>>> print(open('protein11.txt').read())   # compact mmCIF, C-alpha atoms
# COMPACT_ATOMS: atom_id res chain seq x y z
CA MET F 1309 149.51 -95.69 -145.78
CA LYS F 1310 150.40 -98.00 -142.90
CA TYR F 1311 147.87 -96.97 -140.23
CA ASP F 1312 144.09 -96.61 -140.44
CA PHE F 1313 142.70 -93.11 -139.88
CA CYS F 1314 139.56 -91.01 -139.92
CA TYR F 1315 140.00 -87.47 -141.21
CA TYR F 1316 137.53 -84.75 -140.27
CA ASN F 1317 138.16 -81.03 -139.98
CA PRO F 1318 135.08 -78.81 -139.47
CA THR F 1319 136.81 -75.39 -139.66
CA LYS F 1320 135.64 -73.13 -142.47
CA ILE F 1321 138.50 -71.05 -143.89
CA TYR F 1322 138.07 -67.63 -145.50
CA PHE F 1323 141.39 -66.82 -147.17
CA GLY F 1324 142.56 -63.67 -148.94
CA LYS F 1325 142.37 -59.92 -149.01
CA THR F 1326 138.57 -59.77 -148.64
CA ALA F 1327 138.32 -62.52 -146.01
CA LEU F 1328 137.02 -60.19 -143.27
CA ASP F 1329 133.96 -59.43 -145.41
CA ASN F 1330 132.65 -62.84 -144.37
CA LEU F 1331 132.61 -62.12 -140.62
CA ALA F 1332 129.15 -60.54 -140.58
CA GLY F 1333 127.65 -63.57 -142.28
CA GLU F 1334 129.24 -65.95 -139.79
CA LEU F 1335 128.02 -63.89 -136.82
CA LYS F 1336 124.43 -64.59 -137.84
CA ASN F 1337 124.95 -68.19 -136.68
CA TYR F 1338 125.54 -67.22 -133.04
CA GLY F 1339 123.72 -65.52 -130.18
CA GLU F 1340 123.90 -62.01 -128.84
CA THR F 1341 127.14 -61.92 -126.81
CA VAL F 1342 130.66 -62.20 -128.17
CA LEU F 1343 133.86 -62.39 -126.12
CA LEU F 1344 136.59 -60.67 -128.15
CA VAL F 1345 139.98 -62.04 -127.15
CA TYR F 1346 143.18 -60.37 -128.35
CA GLY F 1347 146.79 -59.56 -127.44
CA LYS F 1348 148.28 -56.32 -126.27
CA SER F 1349 147.94 -53.40 -128.69
CA SER F 1350 148.89 -54.48 -132.23
CA ILE F 1351 145.35 -54.92 -133.58
CA LYS F 1352 144.49 -51.46 -132.29
CA LYS F 1353 147.56 -49.88 -133.88
CA THR F 1354 146.76 -51.44 -137.26
CA GLY F 1355 143.08 -50.46 -137.18
CA LEU F 1356 141.92 -54.10 -137.28
CA TYR F 1357 140.34 -53.78 -133.83
CA ASP F 1358 138.07 -50.95 -134.99
CA LYS F 1359 137.03 -52.90 -138.10
CA ILE F 1360 136.14 -55.97 -136.03
CA VAL F 1361 134.21 -54.00 -133.38
CA ASP F 1362 132.29 -52.09 -136.08
CA ILE F 1363 131.20 -55.38 -137.68
CA LEU F 1364 130.23 -56.80 -134.29
CA LYS F 1365 128.12 -53.76 -133.41
CA GLU F 1366 126.54 -53.55 -136.86
CA SER F 1367 125.58 -57.20 -136.38
CA GLY F 1368 123.82 -56.31 -133.14
CA LYS F 1369 126.28 -58.06 -130.85
CA LYS F 1370 127.09 -57.23 -127.25
CA VAL F 1371 130.89 -57.19 -126.99
CA VAL F 1372 132.85 -58.33 -123.94
CA GLU F 1373 136.64 -58.00 -124.15
CA LEU F 1374 139.63 -59.91 -122.83
CA ALA F 1375 142.83 -58.12 -123.84
CA GLY F 1376 146.53 -58.59 -123.15
CA ILE F 1377 146.95 -62.29 -123.95
CA LYS F 1378 150.65 -63.12 -123.68
CA SER F 1379 152.74 -64.88 -126.33
CA ASN F 1380 152.72 -67.81 -123.90
CA PRO F 1381 149.09 -67.61 -122.67
CA THR F 1382 148.73 -68.32 -118.98
CA TYR F 1383 146.32 -70.37 -116.93
CA LYS F 1384 145.28 -67.23 -115.05
CA GLN F 1385 144.36 -65.44 -118.28
CA MET F 1386 142.42 -68.47 -119.48
CA MET F 1387 140.47 -68.67 -116.23
CA GLU F 1388 139.69 -64.95 -116.37
CA GLY F 1389 138.20 -65.56 -119.81
CA ALA F 1390 136.23 -68.51 -118.45
CA ARG F 1391 134.77 -66.23 -115.76
CA LEU F 1392 133.75 -63.66 -118.36
CA VAL F 1393 132.05 -66.35 -120.43
CA ARG F 1394 129.95 -67.54 -117.50
CA GLU F 1395 129.06 -64.11 -116.13
CA ASN F 1396 128.02 -62.76 -119.54
CA ASN F 1397 126.49 -65.90 -121.05
CA VAL F 1398 128.86 -65.62 -123.99
CA ASP F 1399 127.66 -67.24 -127.22
CA LEU F 1400 130.86 -66.97 -129.29
CA ILE F 1401 134.53 -66.48 -128.43
CA LEU F 1402 136.22 -64.51 -131.22
CA ALA F 1403 140.02 -64.64 -131.12
CA ALA F 1404 141.85 -61.90 -133.04
CA GLY F 1405 145.61 -62.44 -133.08
CA GLY F 1406 148.20 -65.16 -133.44
CA GLY F 1407 148.22 -68.74 -132.28
CA SER F 1408 148.63 -67.85 -128.63
CA VAL F 1409 145.39 -65.86 -128.63
CA ILE F 1410 143.55 -68.67 -130.43
CA ASP F 1411 145.02 -71.29 -128.08
CA CYS F 1412 143.79 -69.25 -125.13
CA ALA F 1413 140.33 -68.90 -126.69
CA LYS F 1414 140.05 -72.68 -127.07
CA GLY F 1415 141.23 -73.09 -123.49
CA ILE F 1416 138.52 -70.68 -122.35
CA SER F 1417 135.96 -72.63 -124.37
CA VAL F 1418 136.62 -75.93 -122.61
CA SER F 1419 137.22 -74.42 -119.16
CA ALA F 1420 134.23 -72.10 -118.71
CA TYR F 1421 131.79 -74.86 -117.78
CA CYS F 1422 134.23 -77.42 -116.42
CA GLU F 1423 133.19 -78.27 -112.85
CA GLU F 1424 136.66 -79.56 -111.96
CA ASP F 1425 140.04 -77.82 -112.17
CA PRO F 1426 140.42 -77.66 -115.99
CA TRP F 1427 144.22 -77.43 -115.83
CA LYS F 1428 144.51 -80.69 -113.94
CA LYS F 1429 141.73 -82.43 -115.83
CA TYR F 1430 142.64 -81.48 -119.40
CA TRP F 1431 146.28 -80.35 -119.49
CA VAL F 1432 147.81 -82.69 -116.88
CA GLU F 1433 145.64 -85.80 -116.73
CA PHE F 1434 144.43 -85.45 -120.37
CA LYS F 1435 140.94 -86.67 -119.54
CA PRO F 1436 138.24 -86.76 -122.23
CA LEU F 1437 136.27 -83.57 -122.84
CA ASP F 1438 132.83 -84.07 -121.29
CA ASN F 1439 131.44 -80.62 -120.48
CA LYS F 1440 129.71 -77.86 -122.40
CA THR F 1441 131.97 -75.78 -124.67
CA VAL F 1442 131.54 -72.38 -126.30
CA PRO F 1443 132.06 -71.94 -130.07
CA VAL F 1444 135.31 -70.26 -131.17
CA GLY F 1445 136.04 -68.23 -134.28
CA SER F 1446 139.37 -66.69 -135.24
CA ILE F 1447 140.90 -63.82 -137.18
CA LEU F 1448 144.56 -64.63 -137.74
CA THR F 1449 147.28 -61.95 -137.58
CA MET F 1450 150.42 -64.10 -137.29
CA ALA F 1451 151.15 -67.30 -139.19
CA GLY F 1452 152.90 -70.22 -137.56
CA THR F 1453 150.95 -72.29 -135.08
CA GLY F 1454 148.14 -73.68 -137.22
CA SER F 1455 145.82 -73.10 -134.24
CA GLU F 1456 143.30 -71.54 -136.60
CA MET F 1457 142.35 -74.99 -137.95
CA ASN F 1458 142.96 -77.49 -135.16
CA GLY F 1459 142.08 -78.38 -131.58
CA GLY F 1460 145.44 -77.57 -130.00
CA SER F 1461 145.73 -75.37 -126.93
CA VAL F 1462 149.08 -74.73 -125.24
CA ILE F 1463 148.79 -73.06 -121.83
CA THR F 1464 151.46 -72.05 -119.29
CA ASN F 1465 150.82 -72.56 -115.59
CA GLU F 1466 153.23 -70.04 -114.10
CA ASP F 1467 152.76 -71.25 -110.53
CA GLU F 1468 153.74 -74.80 -111.45
CA MET F 1469 156.39 -73.81 -114.05
CA LEU F 1470 154.72 -76.03 -116.62
CA LYS F 1471 153.80 -75.31 -120.23
CA ASN F 1472 151.51 -78.08 -121.48
CA GLY F 1473 149.69 -78.66 -124.72
CA ARG F 1474 146.42 -80.46 -125.22
CA VAL F 1475 144.72 -81.44 -128.49
CA PHE F 1476 140.94 -81.28 -128.15
CA PRO F 1477 138.39 -83.00 -130.42
CA PRO F 1478 136.83 -81.32 -133.47
CA GLU F 1479 134.01 -79.64 -131.53
CA VAL F 1480 136.67 -77.29 -130.09
CA TYR F 1481 138.23 -76.42 -133.47
CA PRO F 1482 137.41 -72.86 -134.58
CA LYS F 1483 134.10 -72.91 -136.41
CA PHE F 1484 135.51 -70.42 -138.88
CA SER F 1485 138.86 -68.72 -139.40
CA ILE F 1486 139.57 -65.54 -141.33
CA LEU F 1487 143.02 -65.51 -142.95
CA ASN F 1488 144.15 -62.31 -144.68
CA PRO F 1489 147.91 -62.44 -145.32
CA GLU F 1490 148.02 -58.63 -145.28
CA TYR F 1491 147.24 -58.71 -141.55
CA THR F 1492 150.64 -60.34 -141.00
CA TYR F 1493 152.62 -57.49 -142.65
CA THR F 1494 152.91 -55.45 -139.47
CA VAL F 1495 154.16 -58.35 -137.36
CA PRO F 1496 157.77 -57.60 -136.37
CA LYS F 1497 160.40 -59.55 -138.29
CA ASN F 1498 161.41 -61.59 -135.25
CA GLN F 1499 157.81 -62.78 -134.84
CA MET F 1500 157.47 -63.51 -138.55
CA VAL F 1501 160.55 -65.76 -138.60
CA SER F 1502 159.52 -67.37 -135.31
CA GLY F 1503 156.27 -68.35 -136.98
CA VAL F 1504 158.10 -69.68 -140.01
CA PHE F 1505 160.21 -71.98 -137.90
CA ASP F 1506 157.25 -73.05 -135.78
CA THR F 1507 155.64 -74.21 -139.02
CA MET F 1508 158.84 -75.97 -140.10
CA SER F 1509 159.03 -77.73 -136.75
CA HIS F 1510 155.42 -78.92 -136.97
CA LEU F 1511 156.19 -80.47 -140.31
CA MET F 1512 159.39 -82.14 -139.09
CA GLU F 1513 157.69 -83.51 -135.97
CA GLN F 1514 155.22 -85.34 -138.20
CA TYR F 1515 157.81 -86.29 -140.85
CA PHE F 1516 160.41 -87.88 -138.53
CA SER F 1517 158.25 -90.47 -136.84
CA GLY F 1518 159.33 -93.97 -137.86
CA ASP F 1519 156.49 -94.71 -140.32
CA ASP F 1520 158.11 -93.72 -143.56
CA ASP F 1521 157.35 -93.49 -147.27
CA ASN F 1522 153.64 -92.83 -147.43
CA VAL F 1523 151.63 -90.17 -149.26
CA THR F 1524 151.79 -87.88 -146.23
CA ASP F 1525 155.59 -87.75 -146.41
CA TYR F 1526 155.42 -86.42 -149.96
CA ILE F 1527 152.89 -83.78 -148.92
CA ILE F 1528 155.14 -82.68 -146.05
CA GLU F 1529 158.20 -82.44 -148.31
CA GLY F 1530 156.29 -80.22 -150.74
CA VAL F 1531 155.06 -77.91 -147.98
CA MET F 1532 158.56 -77.66 -146.46
CA GLU F 1533 160.06 -76.82 -149.85
CA ASN F 1534 157.56 -74.03 -150.42
CA LEU F 1535 157.95 -72.72 -146.88
CA ILE F 1536 161.73 -72.42 -147.25
CA LYS F 1537 161.48 -70.59 -150.58
CA SER F 1538 158.67 -68.29 -149.41
CA ALA F 1539 160.53 -67.44 -146.20
CA GLU F 1540 163.57 -66.39 -148.21
CA LYS F 1541 161.39 -64.08 -150.32
CA ALA F 1542 159.67 -62.65 -147.25
CA LEU F 1543 163.04 -61.86 -145.69
CA GLU F 1544 163.77 -59.67 -148.71
CA ASN F 1545 160.35 -58.02 -148.71
CA GLN F 1546 157.99 -58.49 -145.76
CA GLU F 1547 155.08 -57.22 -147.87
CA ASP F 1548 155.53 -59.74 -150.69
CA TYR F 1549 151.90 -60.90 -150.81
CA GLU F 1550 152.59 -64.18 -152.58
CA ALA F 1551 155.34 -65.09 -150.10
CA ARG F 1552 153.30 -64.13 -147.04
CA SER F 1553 150.17 -65.89 -148.34
CA ASN F 1554 152.19 -69.04 -149.01
CA ILE F 1555 153.69 -68.90 -145.51
CA MET F 1556 150.24 -68.44 -143.99
CA TRP F 1557 148.77 -71.41 -145.86
CA CYS F 1558 151.84 -73.57 -145.16
CA ALA F 1559 151.31 -72.89 -141.45
CA THR F 1560 147.65 -73.87 -141.65
CA ILE F 1561 148.30 -77.04 -143.64
CA GLY F 1562 151.23 -77.84 -141.37
CA LEU F 1563 149.00 -78.50 -138.37
CA ASN F 1564 145.42 -78.96 -139.57
CA THR F 1565 146.02 -82.73 -139.06
CA ILE F 1566 146.31 -83.59 -142.77
CA THR F 1567 150.11 -83.71 -142.56
CA GLY F 1568 149.88 -86.19 -139.70
CA LEU F 1569 147.66 -88.80 -141.34
CA SER F 1570 148.87 -92.38 -140.96
CA LYS F 1571 151.87 -91.10 -138.97
CA LYS F 1572 152.78 -91.91 -135.38
CA GLN F 1573 154.49 -88.48 -135.12
CA ASP F 1574 157.25 -87.39 -132.76
CA TRP F 1575 156.69 -84.03 -130.95
CA GLU F 1576 159.65 -84.40 -128.59
CA VAL F 1577 161.21 -81.13 -129.79
CA HIS F 1578 157.97 -79.42 -128.77
CA MET F 1579 157.90 -81.16 -125.40
CA ILE F 1580 161.44 -79.95 -124.69
CA GLU F 1581 160.71 -76.42 -125.93
CA HIS F 1582 157.56 -76.14 -123.86
CA GLN F 1583 159.64 -76.46 -120.72
CA VAL F 1584 162.32 -74.14 -122.09
CA GLY F 1585 159.48 -71.65 -122.60
CA ALA F 1586 158.12 -72.25 -119.11
CA TYR F 1587 161.48 -71.27 -117.62
CA THR F 1588 162.50 -68.49 -120.03
CA ASP F 1589 159.19 -67.21 -121.52
CA CYS F 1590 160.94 -67.24 -124.91
CA PRO F 1591 159.03 -67.03 -128.23
CA HIS F 1592 157.95 -70.53 -129.15
CA GLY F 1593 159.54 -70.61 -132.60
CA ALA F 1594 162.84 -69.29 -131.25
CA GLY F 1595 162.91 -72.02 -128.62
CA LEU F 1596 162.23 -74.67 -131.24
CA ALA F 1597 165.05 -73.31 -133.37
CA ALA F 1598 167.53 -73.51 -130.50
CA VAL F 1599 166.59 -77.12 -129.67
CA SER F 1600 166.04 -78.68 -133.12
CA PRO F 1601 169.56 -79.16 -134.57
CA SER F 1602 170.88 -80.68 -131.34
CA TYR F 1603 167.87 -82.97 -131.05
CA TYR F 1604 168.12 -84.22 -134.61
CA ARG F 1605 171.88 -84.75 -134.37
CA TYR F 1606 171.20 -86.83 -131.27
CA ILE F 1607 168.62 -89.13 -132.88
CA TYR F 1608 169.30 -89.19 -136.64
CA LYS F 1609 171.16 -92.52 -136.65
CA TYR F 1610 168.01 -94.24 -135.39
CA GLY F 1611 166.13 -93.08 -138.51
CA LEU F 1612 169.07 -92.76 -140.87
CA ASP F 1613 167.32 -93.43 -144.17
CA LYS F 1614 164.66 -90.80 -143.45
CA PHE F 1615 167.27 -88.19 -142.58
CA VAL F 1616 169.07 -89.00 -145.83
CA ARG F 1617 165.81 -88.45 -147.68
CA PHE F 1618 165.27 -85.17 -145.80
CA ALA F 1619 168.71 -83.97 -146.91
CA GLU F 1620 168.20 -84.94 -150.52
CA LYS F 1621 164.54 -84.04 -151.06
CA VAL F 1622 164.13 -80.94 -148.89
CA TRP F 1623 167.61 -79.41 -148.93
CA ASN F 1624 168.86 -80.71 -152.31
CA VAL F 1625 172.04 -82.15 -150.80
CA GLU F 1626 174.12 -83.79 -153.52
CA SER F 1627 174.94 -87.06 -151.83
CA SER F 1628 177.11 -88.64 -154.52
CA GLY F 1629 180.29 -89.93 -152.88
CA MET F 1630 178.93 -89.37 -149.36
CA THR F 1631 178.02 -91.96 -146.76
CA LYS F 1632 174.50 -92.07 -145.40
CA GLU F 1633 175.75 -90.54 -142.15
CA GLU F 1634 177.49 -87.71 -143.98
CA THR F 1635 174.38 -87.03 -146.05
CA ALA F 1636 172.11 -86.98 -143.00
CA GLU F 1637 174.46 -84.66 -141.14
CA ALA F 1638 174.61 -82.36 -144.18
CA GLY F 1639 170.82 -82.07 -144.11
CA ILE F 1640 170.85 -81.11 -140.44
CA THR F 1641 173.59 -78.57 -141.17
CA LYS F 1642 171.35 -77.09 -143.89
CA LEU F 1643 168.58 -76.85 -141.31
CA ALA F 1644 170.90 -74.98 -138.94
CA GLU F 1645 171.94 -72.64 -141.76
CA PHE F 1646 168.27 -71.92 -142.47
CA ILE F 1647 167.77 -71.03 -138.81
CA GLU F 1648 170.73 -68.63 -139.00
CA LYS F 1649 169.36 -67.10 -142.22
CA LEU F 1650 166.06 -66.47 -140.43
CA GLY F 1651 168.00 -64.72 -137.66
CA LEU F 1652 166.84 -67.14 -134.98
CA PRO F 1653 169.04 -68.41 -132.13
CA LEU F 1654 170.91 -71.68 -132.26
CA HIS F 1655 171.74 -71.71 -128.55
CA LEU F 1656 169.56 -71.74 -125.45
CA LYS F 1657 171.70 -69.19 -123.64
CA GLU F 1658 170.60 -66.65 -126.25
CA LEU F 1659 167.05 -67.13 -124.94
CA GLY F 1660 167.97 -66.42 -121.32
CA ALA F 1661 168.40 -70.02 -120.20
CA THR F 1662 171.06 -70.71 -117.59
CA GLU F 1663 173.07 -73.87 -116.98
CA GLU F 1664 171.25 -74.27 -113.66
CA MET F 1665 167.93 -74.44 -115.51
CA LEU F 1666 168.92 -77.34 -117.76
CA PRO F 1667 168.40 -80.22 -115.27
CA LEU F 1668 165.08 -78.68 -114.18
CA ILE F 1669 163.93 -78.42 -117.78
CA ALA F 1670 165.02 -82.00 -118.50
CA GLN F 1671 163.27 -83.44 -115.45
CA SER F 1672 160.00 -81.61 -116.17
CA THR F 1673 159.87 -82.46 -119.90
CA ILE F 1674 157.41 -85.15 -120.94
CA PRO F 1675 159.67 -87.91 -122.34
CA GLY F 1676 158.92 -89.47 -125.70
CA GLY F 1677 160.28 -89.42 -129.21
CA GLY F 1678 159.82 -91.03 -132.61
CA TYR F 1679 162.89 -92.91 -133.78
CA LYS F 1680 164.39 -92.96 -130.27
CA LYS F 1681 162.47 -92.87 -127.01
CA LEU F 1682 164.25 -90.37 -124.77
CA SER F 1683 164.97 -90.48 -121.07
CA ALA F 1684 165.51 -87.45 -118.84
CA GLU F 1685 169.24 -88.09 -119.19
CA ASP F 1686 168.96 -88.01 -122.99
CA ILE F 1687 167.03 -84.76 -122.81
CA LEU F 1688 169.65 -83.21 -120.54
CA ASN F 1689 172.39 -84.20 -122.99
CA ILE F 1690 170.47 -82.53 -125.81
CA LEU F 1691 169.94 -79.40 -123.74
CA LYS F 1692 173.64 -79.21 -122.92
CA GLU F 1693 174.50 -79.53 -126.60
CA ALA F 1694 171.96 -76.84 -127.44
CA TYR F 1695 173.13 -74.53 -124.68
>>> encode(input="protein11.txt", output="structure tokens")
Amino acid sequence: MKYDFCYYNPTKIYFGKTALDNLAGELKNYGETVLLVYGKSSIKKTGLYDKIVDILKESGKKVVELAGIKSNPTYKQMMEGARLVRENNVDLILAAGGGSVIDCAKGISVSAYCEEDPWKKYWVEFKPLDNKTVPVGSILTMAGTGSEMNGGSVITNEDEMLKNGRVFPPEVYPKFSILNPEYTYTVPKNQMVSGVFDTMSHLMEQYFSGDDDNVTDYIIEGVMENLIKSAEKALENQEDYEARSNIMWCATIGLNTITGLSKKQDWEVHMIEHQVGAYTDCPHGAGLAAVSPSYYRYIYKYGLDKFVRFAEKVWNVESSGMTKEETAEAGITKLAEFIEKLGLPLHLKELGATEEMLPLIAQSTIPGGGYKKLSAEDILNILKEAY
């Protein structure tokens, strides 16, 4: 392990078919008023909404609601939640949904008592968190983001055409998260596979970072291998409990910070996709899928040995008689084939992007990278290849 680190994750996880039974016990730790944050209508259609509200009322809680959170949560929605927190003296924000709902809940938590413009302070200038926050709990219904066990919050400012992510310190992590894989059964297939690839991308962003061959790399390879196999089983049967539970736990492990220990990490695919999402409002995992093969083909020669290892260890490429370049390219081809098997797009135009958008996306993307530091020109070349 090359770099020093401190690992601390305060989120309590309740995992399995009876996980919701623990909600009442957790509610005892908080005051009277709960802000229930959720998406459009899925938790009502499945009956989960009624179960949650019944538990809240039986626990003597006053319930305030913020519904309709988008798949790319907006600054306006976040600030509406912040207003509700202040006006109702909310003691706990309970997010019921996927990563977007949980991201929004964490954004509300840090914004409610921020005396400055929270967007500028936290998502643009990335200043330290120094104001009062409100505890967050989560009930997960879609696996992919890992937001249920980390401090990440990705918010879209529609007026500025910017989609920015911020990682907050452990006091913003959900205090508890309820993970029942059965709650993910009713998620449409396109959302399920989007979550699968979001998880895969999180793992690759941490894996391809220029600090190779430590314990964390072996952990990541094992999680990727299981994710690929479980995804294939879930494609055959979306109610395969073992497959869906494995996918859910892979997603949580994939971004609960343990798979980033002693790693510099990359995250340039995410930076590019965030701006693709800002311009097209595409599902996050689908945007990552469209960008990833082109990005990795653009940079693999700068981390050739790691891409060879990726091909051999993760995709079982038989490299005998092949050059390192051929082996690395074969691994990226396997990645593209996996994307196709999931039914996700390989081209940006499938997501509604236009050629006119590409320079705007490139110029507004935060430049960075692991093996190769990218310029706006590099990003534009990748976008053109992905288009």
>>> atom_distance(input="protein11.txt", atom1="CA of Pro1675 (chain F)", atom2="CA of Ala1586 (chain F)")
16.1 Å
>>> axis_aligned_box(input="protein11.txt", around="region 1503-1509 of chain F", padding_each_side="5 Å", output="AutoDock Vina command-line options")
--center_x 157.9 --center_y -73.0 --center_z -137.9 --size_x 14.6 --size_y 19.4 --size_z 14.3
>>> residues_around(input="protein11.txt", residues="region 1327-1342 of chain F", least_positions_apart="6", cutoff="9 Å", atoms="all atoms listed in the file", output="number ranges by chain")
F: 1321, 1359-1360, 1363-1364, 1366-1373, 1393, 1396-1402, 1443, 1447, 1484, 1486-1488
>>> closest_atom_pairs(input="protein11.txt", of="region 1543-1633 of chain F", to="region 1655-1671 of chain F", cutoff="10 Å", atoms="only C-alpha atoms", output="tab-separated table")
residue	atom	partner	partner_atom	distance
F:Met1579	CA	F:Ala1670	CA	10.0
F:Ile1580	CA	F:Ala1670	CA	7.4
F:Glu1581	CA	F:Ile1669	CA	9.0
F:His1582	CA	F:Ile1669	CA	9.1
F:Gln1583	CA	F:Ile1669	CA	5.6
F:Val1584	CA	F:Ile1669	CA	6.3
F:Gly1585	CA	F:Leu1659	CA	9.1
F:Ala1586	CA	F:Ile1669	CA	8.6
F:Tyr1587	CA	F:Met1665	CA	7.5
F:Thr1588	CA	F:Gly1660	CA	6.0
F:Asp1589	CA	F:Leu1659	CA	8.6
F:Cys1590	CA	F:Leu1659	CA	6.1
F:Pro1591	CA	F:Leu1659	CA	8.7
F:Ala1594	CA	F:Leu1659	CA	7.9
F:Gly1595	CA	F:Leu1656	CA	7.4
F:Leu1596	CA	F:Leu1656	CA	9.8
F:Ala1597	CA	F:His1655	CA	8.4
F:Ala1598	CA	F:His1655	CA	5.0
F:Val1599	CA	F:Leu1656	CA	7.5
F:Pro1601	CA	F:His1655	CA	9.8
F:Ser1602	CA	F:His1655	CA	9.4
>>> residues_around(input="protein11.txt", residues="Lys1440 (chain F)", least_positions_apart="3", cutoff="10 Å", atoms="all atoms listed in the file", output="ChimeraX atom specification")
/F:1417-1422,1437,1443
>>> residues_around(input="protein11.txt", residues="Tyr1357 (chain F)", least_positions_apart="2", cutoff="12 Å", atoms="all atoms listed in the file", output="ChimeraX atom specification")
/F:1328,1344-1355,1359-1364,1373,1375,1402-1405,1447,1449,1491
>>> closest_residue(input="protein11.txt", among="F:Glu1513, F:Asp1438, F:Glu1490, F:Glu1424", to="Asp1548 (chain F)", atoms="only C-alpha atoms")
F:Glu1490
>>> atom_distance(input="protein11.txt", atom1="CA of Ile1687 (chain F)", atom2="CA of Ser1600 (chain F)")
12.0 Å
>>> residues_near_point(input="protein11.txt", point="(144.2, -77.9, -130.4)", cutoff="8 Å", atoms="only C-alpha atoms", output="ChimeraX atom specification")
/F:1411,1414,1455,1458-1462,1473-1477,1480-1481
>>> residues_near_point(input="protein11.txt", point="(169.4, -67.8, -141.4)", cutoff="12 Å", atoms="all atoms listed in the file", output="PDB file with C-alpha atoms, in the coordinates of the input")
ATOM      1  CA  ASN F1498     161.410 -61.590-135.250  1.00  0.00           C
ATOM      2  CA  VAL F1501     160.550 -65.760-138.600  1.00  0.00           C
ATOM      3  CA  SER F1502     159.520 -67.370-135.310  1.00  0.00           C
ATOM      4  CA  VAL F1504     158.100 -69.680-140.010  1.00  0.00           C
ATOM      5  CA  PHE F1505     160.210 -71.980-137.900  1.00  0.00           C
ATOM      6  CA  ILE F1536     161.730 -72.420-147.250  1.00  0.00           C
ATOM      7  CA  ALA F1539     160.530 -67.440-146.200  1.00  0.00           C
ATOM      8  CA  GLU F1540     163.570 -66.390-148.210  1.00  0.00           C
ATOM      9  CA  LEU F1543     163.040 -61.860-145.690  1.00  0.00           C
ATOM     10  CA  ALA F1597     165.050 -73.310-133.370  1.00  0.00           C
ATOM     11  CA  THR F1641     173.590 -78.570-141.170  1.00  0.00           C
ATOM     12  CA  LYS F1642     171.350 -77.090-143.890  1.00  0.00           C
ATOM     13  CA  LEU F1643     168.580 -76.850-141.310  1.00  0.00           C
ATOM     14  CA  ALA F1644     170.900 -74.980-138.940  1.00  0.00           C
ATOM     15  CA  GLU F1645     171.940 -72.640-141.760  1.00  0.00           C
ATOM     16  CA  PHE F1646     168.270 -71.920-142.470  1.00  0.00           C
ATOM     17  CA  ILE F1647     167.770 -71.030-138.810  1.00  0.00           C
ATOM     18  CA  GLU F1648     170.730 -68.630-139.000  1.00  0.00           C
ATOM     19  CA  LYS F1649     169.360 -67.100-142.220  1.00  0.00           C
ATOM     20  CA  LEU F1650     166.060 -66.470-140.430  1.00  0.00           C
ATOM     21  CA  GLY F1651     168.000 -64.720-137.660  1.00  0.00           C
ATOM     22  CA  LEU F1652     166.840 -67.140-134.980  1.00  0.00           C
ATOM     23  CA  PRO F1653     169.040 -68.410-132.130  1.00  0.00           C
ATOM     24  CA  LEU F1654     170.910 -71.680-132.260  1.00  0.00           C
TER      25      LEU F1654
END
>>> atom_distance(input="protein11.txt", atom1="CA of Phe1618 (chain F)", atom2="CA of Ser1517 (chain F)")
12.6 Å
